[in-house]
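Everything on this sheet refers to the single structure shown next.
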Amino acid sequence: MSELRERVQAIFRSVFGDDTLVLSDGMTAADVDGWDSLAHINLIIAIEQKLGVKFATAEISRLKEPGQNVGSFLKLIEGKMAGRA
Amino acid sequence: MPSQTSHEEGLLHFIEADAPARHRLFESFQAALKTAAREEGTEAARRWALRALQPTLSYSELMSLRRWLVRSEQAPPHVLRLAVLGGPTTTQLTQLVESFLAGLGVNVDVYEAGYGLFRQELLTPGSPLDAFRPQLVFLATSNRDVLRCPRLGDPAQHVERLLDQELADWNSLWEIARNRWQATVIQNTFEIPPIRVMGHYGIRHPAAAETYLERLNLALAASAPPHVLLHDVRALAAEAGASAWFDPRFYFDAKLPCGPDCLVAYAHSVASLIAASRGKSRKVLVLDLDNTLWGDVVGDVGAGGIRLGQGLPDGEAFFAFQQYCKALQERGVVLAVCSKNDEARAREPFTLRTDMALKLTDLSCFIANWNNKVDNLREIARVLELGLDSFVFVDDNPMERAVVRRFLPAVAVPDMPEDPAGFVAALHQHRYFEMTAFTAEDAHRGHHYAEEGARRQLADQAVDIDSFLASLEMRARCEPVGELSLERAVQLVNKSNQFNLTTRRCSVAEMRARASDRAWRTLTVSLRDRVGDSGLISVLILVHEDSRLVVDTWVMSCRVLNRGVETFVLNQLLALARGLGVSQIEGTYVPTPRNGLVRDHYRRLGFAMARSDGETTNWVLTGVDRLDPLPTHVLPEDA
């Protein structure tokens with residue numbers, strides 16, 4: 001597993017309080033217990049704070065849009081971190 | 001079991017740590033909480049999580065801790081009904097407020113209105129809010145909730161009219177909360193937006209948003225009655241920096257009132273204000289000396305060599321911190337010193353230097369010796385007759401902080417940065433000393449303790465307690481709660497823990513209602529003697545039912561313990577009972593961890609025990625029409 005995927009997975013586990021959660025590219029909000037709009041904001045805030053990235057307004061809820069999943073979300077974060085480096 | 005000690009050590013490491021180590025240890029703390037929950041139960045994990053709560057944690061850390069704060073079935077039922085009515089989205093804010101309140105010892109039942117529905121819910125009789133009957137209404141509004149904003153071209157009189165109407169509108173919401181539920185209201189001030197379309201000219205133009213909102217804030221504060229607590233969001237936003245406060249991304253996406261980190265400061269600030277209104281703010285600031293009040297070690301360099309005051313940059317920073325402590329003292333915080341030092345040397349900077357902001361007379365207790373600080377803090381609590389849970393301990397030494405955090409969990413111990421220039425901000429951000437009223441007693445609290453010292457000297461001179469009490473020439477004034485005494489009476493009822501028979505708390509609105517209700521009687525006692533004026537020191541709330549007078553609440557300031565005030569009050573009760581044609585006075589003692597002092601209070605006054613369930617005891621005094629007043633050295637003011 002890439003280092004980024006591992007870090008994001010740790011953040012998911014902490015936000016959803018589930019130590020067994022494993023990320024997969026096809027995963028969406030519907031696949032995770034408790035992924036409501038509140039948990040989603042907590043997830044975005046945790047990723048911003050722990051990885052030092054900043055989402056644009058339209059990106060904050062993009063993951064909940066049709067056709068989006070954890071795979072595309074990871075790519076978005078990866079792009080931001082590469083841009084920063 | 002080795003695993004048990006290791007997870008407890010993990011928990012303690014986190015509790016003892018300062019930032020930034022605290023953030024590094026957070027994950028292992030979470031893991032240790034899980035072990036604690038598995039091996040000792042969720043209630044144990046909850047207690048550890050409560051101990052860890054503080055405003056220096058991040059938004060994400062606090063949200064993770066929330067999971068452990070769910071109250072178990074055995075949790076105390078004592079709850080406050082809190083309605084949070086937004087404005088912007090309040091979900092996250094409410095969760096954080098609830099967590100911080102639990103950490104401050106206030107358990108709440110929360111009712112949360114839907115997004116933007118605060119006016120409808122308040123204005124509609126029979127709304128779900130009405131059924132909830134809140135004791136506390138928090139109007140979690142932002143500047144977007146101001147209904148009437150002038151346009152830049154509006155004539156000046158029109159702007160004035162809008163301002164008056166807006167003010168009247170908020171006043172009417174406050175009245176609804178009072179008339180319908182006797183609720184206390186928390187009203188936010190409105191944050192001033194950082195963007196000013198008129199630039200520097202705006203401050204001269206009455207219709208510019210920043211000018212209009214500033215005036216509205218001041219008008220709200222000036223018109224707020226005592227049952228309304230102002231929560232100064234405007235000041236919070238200014239503290240964070242107006243541009244840092246508002247994160248437009250999270251507002252546009254989720255209608256969050258401010259950015260995530262500011263949300264922590266916001267929630268903690270509201271929680272501190274609510275806790276203060278329930279008498280849970282801290283009262284005592286205990287200060288170390290070397291490298292806390294001045295730079296360097298006085299025992300090594302002498303009073304002339306310490307780093308303090310003009311000409312030394314860090315010396316000015318220490319002086320600024322002393323000034324801040326002095327300002328806290330002037331508004332009612334009790335100051336004490338706890339230092340590892342030779343006492344004579346430790347006092348020298350106070351007696352020999354003229355440039356100390358703090359004087360010995362500002363300090364209600366001065367302990368400098370070589371004992372450990374845990375024992376010394378216990379000693380200060382004993383001398384001041386105040387509980388350790390009202391203490392804040394400030395020490396530059398991380399080891400001393402860790403020891404106190406480990407062994408005295410009741411004492412609040414803020415992180416202190418290495419640079420003294422950061423001391424004031426480090427202490428301030430915890431909002432330990434929030435206040436909801438400023439009474440004459442607050443302004444003179446320091447003097448009260450100094451006077452107490454003078455009385456102790458009298459006691460040493462007097463040959464016996466009787467002649468000592470007689471020598472004080474005490475005079476007491478006894479009257480019902482009135483508008484002038486309302487705030488102090490409520491403060492005393494909510495702050496007293498030791499001399500408090502039932503520990504029932506009471507809001508300004510409730511007290512006012514009782515003072516005017518014929519079924520209730522309220523009584524305040526003010527005491528002065530030849531050393532000084534102790535002010536309003538005792539409050540009673542009574543219910544009059546047919547031939548009985550029932551004491552619902554009886555509290556007294558511990559400052560005037562053992563002086564015969566209780567006996568004086570009983571004599572007043574006898575007179576009141578006779579006036580009402582009542583033959584029997586009843587009282588209740590509800591034990592708490594703090595009020596063992598008054599376990600035998602009613603027995604000492606001649607009451608007989610009527611009932612006991614093993615904890616709560618009920619007492620009765622019969623035939624009051626035939627009883628003579630008991631002897632006491634406290635005489636009525638007009639005697």
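Chain labels run A, B, ... following the order of the structure tokens; each chain numbers its residues from 1, and ligands are numbered from 1 in the order shown.
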
All residues 6 Å or closer to stretch 421-436 of chain B, only C-alpha atoms, same chain fewer than 6 positions away omitted, as a PDB file with N, CA, C and O atoms, in the first residue's frame:
```pdb
ATOM      1  N   LEU B 273     -18.780  29.868  29.481  1.00  0.00           N
ATOM      2  CA  LEU B 273     -19.767  30.849  29.948  1.00  0.00           C
ATOM      3  C   LEU B 273     -20.946  30.142  30.635  1.00  0.00           C
ATOM      4  O   LEU B 273     -21.402  30.558  31.698  1.00  0.00           O
ATOM      5  N   ALA B 276     -19.839  28.894  33.924  1.00  0.00           N
ATOM      6  CA  ALA B 276     -19.745  30.007  34.870  1.00  0.00           C
ATOM      7  C   ALA B 276     -21.127  30.373  35.407  1.00  0.00           C
ATOM      8  O   ALA B 276     -21.286  30.675  36.591  1.00  0.00           O
ATOM      9  N   SER B 281     -16.980  28.214  37.419  1.00  0.00           N
ATOM     10  CA  SER B 281     -15.699  28.774  36.992  1.00  0.00           C
ATOM     11  C   SER B 281     -14.702  28.650  38.146  1.00  0.00           C
ATOM     12  O   SER B 281     -15.071  28.433  39.288  1.00  0.00           O
ATOM     13  N   ARG B 282     -13.437  28.804  37.801  1.00  0.00           N
ATOM     14  CA  ARG B 282     -12.381  28.655  38.824  1.00  0.00           C
ATOM     15  C   ARG B 282     -12.295  29.936  39.636  1.00  0.00           C
ATOM     16  O   ARG B 282     -12.706  31.000  39.180  1.00  0.00           O
ATOM     17  N   ALA B 317       8.311  41.152  29.954  1.00  0.00           N
ATOM     18  CA  ALA B 317       7.294  40.115  29.734  1.00  0.00           C
ATOM     19  C   ALA B 317       6.801  39.559  31.076  1.00  0.00           C
ATOM     20  O   ALA B 317       5.606  39.353  31.274  1.00  0.00           O
ATOM     21  N   PHE B 321       2.985  39.804  32.729  1.00  0.00           N
ATOM     22  CA  PHE B 321       2.230  38.680  33.283  1.00  0.00           C
ATOM     23  C   PHE B 321       1.744  39.018  34.699  1.00  0.00           C
ATOM     24  O   PHE B 321       0.605  38.741  35.067  1.00  0.00           O
TER      25      PHE B 321
END
```

| task | Pick out each residue of chain A that DSSP on the backbone tags as helix (DSSP H, G or I); I need them as a ChimeraX atom specification. | result | /A:3-16,29-31,37-51,57-60,62-64,70-84

What are the closest atom pairs, with distances in Å to one decimal, for all residues of chain A lying within 12 Å of chain B? Consider only C-alpha atoms, order rows by chain and residue number, and present the result as a Markdown table.
```
| residue | atom | partner | partner_atom | distance |
| --- | --- | --- | --- | --- |
| A:Ala10 | CA | B:Glu27 | CA | 10.3 |
| A:Ile11 | CA | B:Ser60 | CA | 9.6 |
| A:Phe12 | CA | B:Ser60 | CA | 11.4 |
| A:Arg13 | CA | B:Ser64 | CA | 10.3 |
| A:Ser14 | CA | B:Ser64 | CA | 6.8 |
| A:Val15 | CA | B:Ser64 | CA | 6.7 |
| A:Phe16 | CA | B:Ser64 | CA | 8.7 |
| A:Gly17 | CA | B:Ser64 | CA | 7.6 |
| A:Asp18 | CA | B:Ser64 | CA | 11.2 |
| A:Asp19 | CA | B:Ala31 | CA | 10.3 |
| A:Ser37 | CA | B:Ala254 | CA | 8.5 |
| A:Leu38 | CA | B:Gln92 | CA | 7.6 |
| A:Ala39 | CA | B:Met63 | CA | 9.8 |
| A:His40 | CA | B:Ala254 | CA | 10.2 |
| A:Ile41 | CA | B:Ala254 | CA | 7.9 |
| A:Asn42 | CA | B:Ser60 | CA | 6.9 |
| A:Leu43 | CA | B:Ser60 | CA | 8.5 |
| A:Ile44 | CA | B:Ser60 | CA | 10.0 |
| A:Ile45 | CA | B:Pro260 | CA | 7.0 |
| A:Ala46 | CA | B:Ser60 | CA | 5.7 |
| A:Ile47 | CA | B:Ser60 | CA | 9.4 |
| A:Glu48 | CA | B:Pro260 | CA | 10.2 |
| A:Gln49 | CA | B:Ser60 | CA | 8.3 |
| A:Lys50 | CA | B:Ser60 | CA | 9.2 |
| A:Lys54 | CA | B:Arg249 | CA | 10.0 |
| A:Phe55 | CA | B:Arg249 | CA | 8.5 |
| A:Ala56 | CA | B:Arg249 | CA | 7.0 |
| A:Thr57 | CA | B:Arg249 | CA | 4.8 |
| A:Ala58 | CA | B:Asp253 | CA | 7.9 |
| A:Glu59 | CA | B:Asp253 | CA | 9.5 |
| A:Ile60 | CA | B:Asp253 | CA | 7.1 |
| A:Ser61 | CA | B:Asp253 | CA | 7.4 |
| A:Arg62 | CA | B:Asp253 | CA | 10.5 |
```

- Message: Taking 3 positions as the minimum chain separation for residues in the same chain, which residues sit within 7 Å of stretch 23-28 of chain A when counting only C-alpha atoms? Answer as a PyMOL selection string.
- Response: chain A and resi 9+31+69-71

- Task: Considering only C-alpha atoms, return as number ranges by chain whatever protein or nucleic-acid residues lie within 10 Å of B:Arg505, sequence-local ones (same chain, fewer than 4 positions apart) excluded.
- Result: B: 277-279, 490-496, 510-511, 553

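Of the residues listed (B:Leu117, B:Val146, B:Leu57, B:Val106), B:Leu57 shows the shortest atom-to-atom separation from B:Arg24; distances use only C-alpha atoms.
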
Could you find all residues in stretch 398-564 of chain B that DSSP calls strand (DSSP E or B) from the backbone, and write them as an MDAnalysis selection string?
-> chainID B and resid 412 475:479 500 520:528 533:545 548:556

Residues from last step as file, N, CA and C atoms, as a short mmCIF file (atom, residue, chain, number, x, y, z; two decimals), in the first residue's frame:
```
data_model
loop_
_atom_site.label_atom_id
_atom_site.label_comp_id
_atom_site.auth_asym_id
_atom_site.auth_seq_id
_atom_site.Cartn_x
_atom_site.Cartn_y
_atom_site.Cartn_z
N ALA B 412 -6.68 22.63 37.67
CA ALA B 412 -6.40 22.90 36.26
C ALA B 412 -4.97 23.38 36.12
N ARG B 475 -22.93 42.92 62.93
CA ARG B 475 -24.28 43.39 62.64
C ARG B 475 -24.74 42.78 61.32
N ALA B 476 -25.94 42.20 61.30
CA ALA B 476 -26.42 41.55 60.08
C ALA B 476 -27.70 42.22 59.60
N ARG B 477 -27.84 42.27 58.29
CA ARG B 477 -29.06 42.78 57.68
C ARG B 477 -29.72 41.63 56.93
N CYS B 478 -31.00 41.49 57.15
CA CYS B 478 -31.72 40.35 56.61
C CYS B 478 -32.88 40.87 55.76
N GLU B 479 -32.91 40.55 54.47
CA GLU B 479 -34.02 41.03 53.65
C GLU B 479 -34.26 40.10 52.47
N ASN B 500 -23.74 24.32 51.94
CA ASN B 500 -24.87 24.28 51.01
C ASN B 500 -25.66 23.02 51.32
N TRP B 520 -43.34 31.40 47.75
CA TRP B 520 -41.92 31.31 48.08
C TRP B 520 -41.51 32.49 48.95
N ARG B 521 -40.48 32.28 49.75
CA ARG B 521 -39.86 33.38 50.49
C ARG B 521 -38.36 33.31 50.23
N THR B 522 -37.76 34.45 49.95
CA THR B 522 -36.30 34.48 49.79
C THR B 522 -35.72 35.34 50.90
N LEU B 523 -34.49 35.03 51.28
CA LEU B 523 -33.87 35.73 52.40
C LEU B 523 -32.38 35.91 52.06
N THR B 524 -31.90 37.13 52.20
CA THR B 524 -30.46 37.33 52.06
C THR B 524 -29.93 37.90 53.37
N VAL B 525 -28.70 37.55 53.70
CA VAL B 525 -28.09 38.07 54.92
C VAL B 525 -26.78 38.76 54.56
N SER B 526 -26.65 40.02 54.98
CA SER B 526 -25.39 40.75 54.79
C SER B 526 -24.80 41.01 56.17
N LEU B 527 -23.47 40.90 56.24
CA LEU B 527 -22.83 40.98 57.55
C LEU B 527 -21.69 41.99 57.52
N ARG B 528 -21.61 42.81 58.58
CA ARG B 528 -20.41 43.63 58.74
C ARG B 528 -19.95 43.51 60.19
N ASP B 533 -16.62 45.00 56.01
CA ASP B 533 -17.94 44.61 55.53
C ASP B 533 -17.80 43.33 54.72
N SER B 534 -18.45 42.26 55.16
CA SER B 534 -18.36 40.99 54.44
C SER B 534 -19.36 40.93 53.28
N GLY B 535 -20.29 41.88 53.21
CA GLY B 535 -21.26 41.88 52.11
C GLY B 535 -22.32 40.81 52.30
N LEU B 536 -22.94 40.45 51.17
CA LEU B 536 -24.03 39.47 51.21
C LEU B 536 -23.43 38.07 51.32
N ILE B 537 -23.67 37.39 52.46
CA ILE B 537 -22.95 36.14 52.70
C ILE B 537 -23.85 34.91 52.87
N SER B 538 -25.17 35.11 52.86
CA SER B 538 -26.01 33.93 53.01
C SER B 538 -27.33 34.14 52.26
N VAL B 539 -27.84 33.06 51.66
CA VAL B 539 -29.11 33.13 50.94
C VAL B 539 -29.96 31.92 51.34
N LEU B 540 -31.24 32.18 51.59
CA LEU B 540 -32.18 31.08 51.83
C LEU B 540 -33.36 31.21 50.87
N ILE B 541 -33.82 30.07 50.38
CA ILE B 541 -35.04 30.05 49.60
C ILE B 541 -36.01 29.11 50.33
N LEU B 542 -37.20 29.59 50.61
CA LEU B 542 -38.15 28.84 51.44
C LEU B 542 -39.48 28.68 50.71
N VAL B 543 -40.17 27.60 51.02
CA VAL B 543 -41.51 27.40 50.50
C VAL B 543 -42.48 27.49 51.68
N HIS B 544 -43.54 28.26 51.51
CA HIS B 544 -44.55 28.37 52.55
C HIS B 544 -45.75 27.54 52.14
N GLU B 545 -46.01 26.46 52.91
CA GLU B 545 -47.15 25.59 52.59
C GLU B 545 -48.00 25.45 53.84
N ARG B 548 -46.57 24.94 57.32
CA ARG B 548 -45.15 24.57 57.31
C ARG B 548 -44.33 25.60 56.53
N LEU B 549 -43.12 25.78 56.99
CA LEU B 549 -42.16 26.58 56.24
C LEU B 549 -41.02 25.62 55.88
N VAL B 550 -40.80 25.38 54.59
CA VAL B 550 -39.82 24.38 54.16
C VAL B 550 -38.60 25.08 53.56
N VAL B 551 -37.42 24.75 54.11
CA VAL B 551 -36.18 25.34 53.60
C VAL B 551 -35.75 24.56 52.35
N ASP B 552 -35.85 25.21 51.19
CA ASP B 552 -35.46 24.57 49.93
C ASP B 552 -33.96 24.70 49.72
N THR B 553 -33.44 25.88 50.01
CA THR B 553 -32.03 26.19 49.77
C THR B 553 -31.49 26.99 50.94
N TRP B 554 -30.32 26.62 51.44
CA TRP B 554 -29.66 27.39 52.48
C TRP B 554 -28.17 27.34 52.18
N VAL B 555 -27.62 28.46 51.76
CA VAL B 555 -26.19 28.51 51.47
C VAL B 555 -25.56 29.65 52.26
N MET B 556 -24.28 29.48 52.56
CA MET B 556 -23.57 30.56 53.25
C MET B 556 -22.12 30.56 52.79
#
```

note - atom CA of B:Phe366 and atom CA of B:Gly332 are separated by 17.6 Å

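Non-sequential neighbours of stretch 11-23 of chain B (distance at most 8 Å, separation of 5 or more positions within a chain, only C-alpha atoms) are Phe29, Ala32, Leu33, Trp48, Arg51, Ala52, Thr56, Leu57, Pro398, Arg401, Ala402, Val403, Arg405, Arg406 and Asp415 of chain B.
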
Would you write out those residues with N, CA and C atoms, as a PDB file, in the first residue's frame?
```
ATOM      1  N   PHE B  29      -3.012   7.393  23.270  1.00  0.00           N
ATOM      2  CA  PHE B  29      -4.026   7.653  24.299  1.00  0.00           C
ATOM      3  C   PHE B  29      -5.342   6.985  23.911  1.00  0.00           C
ATOM      4  N   ALA B  32      -5.085   3.377  24.539  1.00  0.00           N
ATOM      5  CA  ALA B  32      -5.160   3.089  25.977  1.00  0.00           C
ATOM      6  C   ALA B  32      -6.604   3.225  26.484  1.00  0.00           C
ATOM      7  N   LEU B  33      -7.354   4.179  25.897  1.00  0.00           N
ATOM      8  CA  LEU B  33      -8.762   4.313  26.280  1.00  0.00           C
ATOM      9  C   LEU B  33      -9.541   3.050  25.930  1.00  0.00           C
ATOM     10  N   TRP B  48     -11.523   9.113  32.024  1.00  0.00           N
ATOM     11  CA  TRP B  48     -10.216   9.506  31.465  1.00  0.00           C
ATOM     12  C   TRP B  48     -10.398  10.515  30.334  1.00  0.00           C
ATOM     13  N   ARG B  51     -11.086  13.870  31.629  1.00  0.00           N
ATOM     14  CA  ARG B  51      -9.891  14.485  32.199  1.00  0.00           C
ATOM     15  C   ARG B  51      -8.997  15.064  31.108  1.00  0.00           C
ATOM     16  N   ALA B  52      -9.082  14.476  29.910  1.00  0.00           N
ATOM     17  CA  ALA B  52      -8.189  14.902  28.821  1.00  0.00           C
ATOM     18  C   ALA B  52      -8.714  16.113  28.065  1.00  0.00           C
ATOM     19  N   THR B  56      -6.999  23.160  23.919  1.00  0.00           N
ATOM     20  CA  THR B  56      -5.796  23.137  23.086  1.00  0.00           C
ATOM     21  C   THR B  56      -5.771  21.905  22.175  1.00  0.00           C
ATOM     22  N   LEU B  57      -6.760  21.017  22.322  1.00  0.00           N
ATOM     23  CA  LEU B  57      -6.838  19.876  21.395  1.00  0.00           C
ATOM     24  C   LEU B  57      -7.416  20.358  20.060  1.00  0.00           C
ATOM     25  N   PRO B 398       7.821  22.120  33.599  1.00  0.00           N
ATOM     26  CA  PRO B 398       6.953  21.038  33.109  1.00  0.00           C
ATOM     27  C   PRO B 398       6.854  19.854  34.074  1.00  0.00           C
ATOM     28  N   ARG B 401       4.261  20.691  36.649  1.00  0.00           N
ATOM     29  CA  ARG B 401       2.932  20.610  36.033  1.00  0.00           C
ATOM     30  C   ARG B 401       2.490  19.155  35.921  1.00  0.00           C
ATOM     31  N   ALA B 402       3.428  18.290  35.487  1.00  0.00           N
ATOM     32  CA  ALA B 402       3.088  16.878  35.296  1.00  0.00           C
ATOM     33  C   ALA B 402       2.676  16.232  36.620  1.00  0.00           C
ATOM     34  N   VAL B 403       3.416  16.540  37.681  1.00  0.00           N
ATOM     35  CA  VAL B 403       3.124  15.929  38.985  1.00  0.00           C
ATOM     36  C   VAL B 403       1.735  16.348  39.470  1.00  0.00           C
ATOM     37  N   ARG B 405      -0.760  17.445  37.618  1.00  0.00           N
ATOM     38  CA  ARG B 405      -1.786  16.851  36.746  1.00  0.00           C
ATOM     39  C   ARG B 405      -2.043  15.392  37.124  1.00  0.00           C
ATOM     40  N   ARG B 406      -0.983  14.684  37.505  1.00  0.00           N
ATOM     41  CA  ARG B 406      -1.138  13.270  37.834  1.00  0.00           C
ATOM     42  C   ARG B 406      -1.865  13.075  39.163  1.00  0.00           C
ATOM     43  N   ASP B 415      -0.654  24.509  30.050  1.00  0.00           N
ATOM     44  CA  ASP B 415       0.705  24.530  29.496  1.00  0.00           C
ATOM     45  C   ASP B 415       1.231  25.954  29.605  1.00  0.00           C
TER      46      ASP B 415
END
```

| task | Compile the contact shell of B:Gly86 as a list in words: residues with an atom at most 10 Å away, counting only C-alpha atoms, same-chain residues fewer than 6 positions apart removed. | result |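 That gives Glu112, Ala113, Gly114, Tyr115, Gly116, Leu117, Phe118, Arg119, Phe138, Leu139, Ala140, Thr141, Ser142, Asp145 and Pro257 of chain B.
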
Let me see the file: selected residues, N, CA, C and O atoms, as a PDB file, in the first residue's frame.
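New file result-v6.pdb:
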```pdb
ATOM      1  N   GLU B 112     -31.744  20.826  19.679  1.00  0.00           N
ATOM      2  CA  GLU B 112     -31.122  21.600  18.626  1.00  0.00           C
ATOM      3  C   GLU B 112     -32.161  21.934  17.565  1.00  0.00           C
ATOM      4  O   GLU B 112     -32.818  21.045  17.031  1.00  0.00           O
ATOM      5  N   ALA B 113     -32.314  23.219  17.280  1.00  0.00           N
ATOM      6  CA  ALA B 113     -33.258  23.616  16.235  1.00  0.00           C
ATOM      7  C   ALA B 113     -32.621  23.387  14.879  1.00  0.00           C
ATOM      8  O   ALA B 113     -31.400  23.352  14.754  1.00  0.00           O
ATOM      9  N   GLY B 114     -33.440  23.246  13.844  1.00  0.00           N
ATOM     10  CA  GLY B 114     -32.921  23.086  12.488  1.00  0.00           C
ATOM     11  C   GLY B 114     -32.211  24.350  12.041  1.00  0.00           C
ATOM     12  O   GLY B 114     -32.384  25.425  12.626  1.00  0.00           O
ATOM     13  N   TYR B 115     -31.433  24.198  10.980  1.00  0.00           N
ATOM     14  CA  TYR B 115     -30.645  25.293  10.428  1.00  0.00           C
ATOM     15  C   TYR B 115     -31.510  26.538  10.169  1.00  0.00           C
ATOM     16  O   TYR B 115     -32.514  26.469   9.459  1.00  0.00           O
ATOM     17  N   GLY B 116     -31.141  27.649  10.781  1.00  0.00           N
ATOM     18  CA  GLY B 116     -31.798  28.929  10.506  1.00  0.00           C
ATOM     19  C   GLY B 116     -33.190  29.102  11.086  1.00  0.00           C
ATOM     20  O   GLY B 116     -33.907  30.019  10.722  1.00  0.00           O
ATOM     21  N   LEU B 117     -33.612  28.218  11.986  1.00  0.00           N
ATOM     22  CA  LEU B 117     -35.001  28.251  12.454  1.00  0.00           C
ATOM     23  C   LEU B 117     -35.184  28.906  13.818  1.00  0.00           C
ATOM     24  O   LEU B 117     -36.233  28.769  14.439  1.00  0.00           O
ATOM     25  N   PHE B 118     -34.169  29.645  14.301  1.00  0.00           N
ATOM     26  CA  PHE B 118     -34.266  30.078  15.697  1.00  0.00           C
ATOM     27  C   PHE B 118     -35.469  30.984  15.951  1.00  0.00           C
ATOM     28  O   PHE B 118     -36.129  30.858  16.968  1.00  0.00           O
ATOM     29  N   ARG B 119     -35.794  31.882  15.004  1.00  0.00           N
ATOM     30  CA  ARG B 119     -36.929  32.786  15.257  1.00  0.00           C
ATOM     31  C   ARG B 119     -38.251  32.023  15.274  1.00  0.00           C
ATOM     32  O   ARG B 119     -39.049  32.180  16.201  1.00  0.00           O
ATOM     33  N   PHE B 138     -29.493  29.112  23.954  1.00  0.00           N
ATOM     34  CA  PHE B 138     -28.307  29.675  23.305  1.00  0.00           C
ATOM     35  C   PHE B 138     -28.686  30.069  21.876  1.00  0.00           C
ATOM     36  O   PHE B 138     -28.968  29.201  21.053  1.00  0.00           O
ATOM     37  N   LEU B 139     -28.723  31.366  21.623  1.00  0.00           N
ATOM     38  CA  LEU B 139     -29.002  31.855  20.272  1.00  0.00           C
ATOM     39  C   LEU B 139     -27.682  31.838  19.499  1.00  0.00           C
ATOM     40  O   LEU B 139     -26.895  32.775  19.577  1.00  0.00           O
ATOM     41  N   ALA B 140     -27.439  30.734  18.792  1.00  0.00           N
ATOM     42  CA  ALA B 140     -26.139  30.522  18.127  1.00  0.00           C
ATOM     43  C   ALA B 140     -26.149  31.204  16.767  1.00  0.00           C
ATOM     44  O   ALA B 140     -26.062  30.561  15.726  1.00  0.00           O
ATOM     45  N   THR B 141     -26.252  32.511  16.799  1.00  0.00           N
ATOM     46  CA  THR B 141     -26.422  33.275  15.568  1.00  0.00           C
ATOM     47  C   THR B 141     -25.095  33.846  15.078  1.00  0.00           C
ATOM     48  O   THR B 141     -24.117  33.899  15.820  1.00  0.00           O
ATOM     49  N   SER B 142     -25.089  34.300  13.838  1.00  0.00           N
ATOM     50  CA  SER B 142     -23.924  34.998  13.291  1.00  0.00           C
ATOM     51  C   SER B 142     -24.403  36.310  12.683  1.00  0.00           C
ATOM     52  O   SER B 142     -25.604  36.596  12.697  1.00  0.00           O
ATOM     53  N   ASP B 145     -27.579  36.731  10.620  1.00  0.00           N
ATOM     54  CA  ASP B 145     -28.909  36.655  11.210  1.00  0.00           C
ATOM     55  C   ASP B 145     -29.467  38.022  11.604  1.00  0.00           C
ATOM     56  O   ASP B 145     -30.542  38.100  12.189  1.00  0.00           O
ATOM     57  N   PRO B 257     -20.385  28.068  11.024  1.00  0.00           N
ATOM     58  CA  PRO B 257     -20.263  29.478  11.398  1.00  0.00           C
ATOM     59  C   PRO B 257     -18.845  30.007  11.284  1.00  0.00           C
ATOM     60  O   PRO B 257     -18.638  31.209  11.120  1.00  0.00           O
TER      61      PRO B 257
END
```

Pairwise distance, atom CA of B:Ala36 with atom CA of B:Met399, equals 25.5 Å

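Taking atom CA of B:Trp170 and atom CA of B:Leu213 as the two end points, the separation is 13.7 Å.
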
Which residue is closest to B:Arg559? Choose from B:Thr616, B:Gln310, B:Thr189, B:Gln498 and count only C-alpha atoms.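 Of B:Thr616, B:Gln310, B:Thr189, B:Gln498, the one nearest B:Arg559, counting only C-alpha atoms, is B:Gln498.
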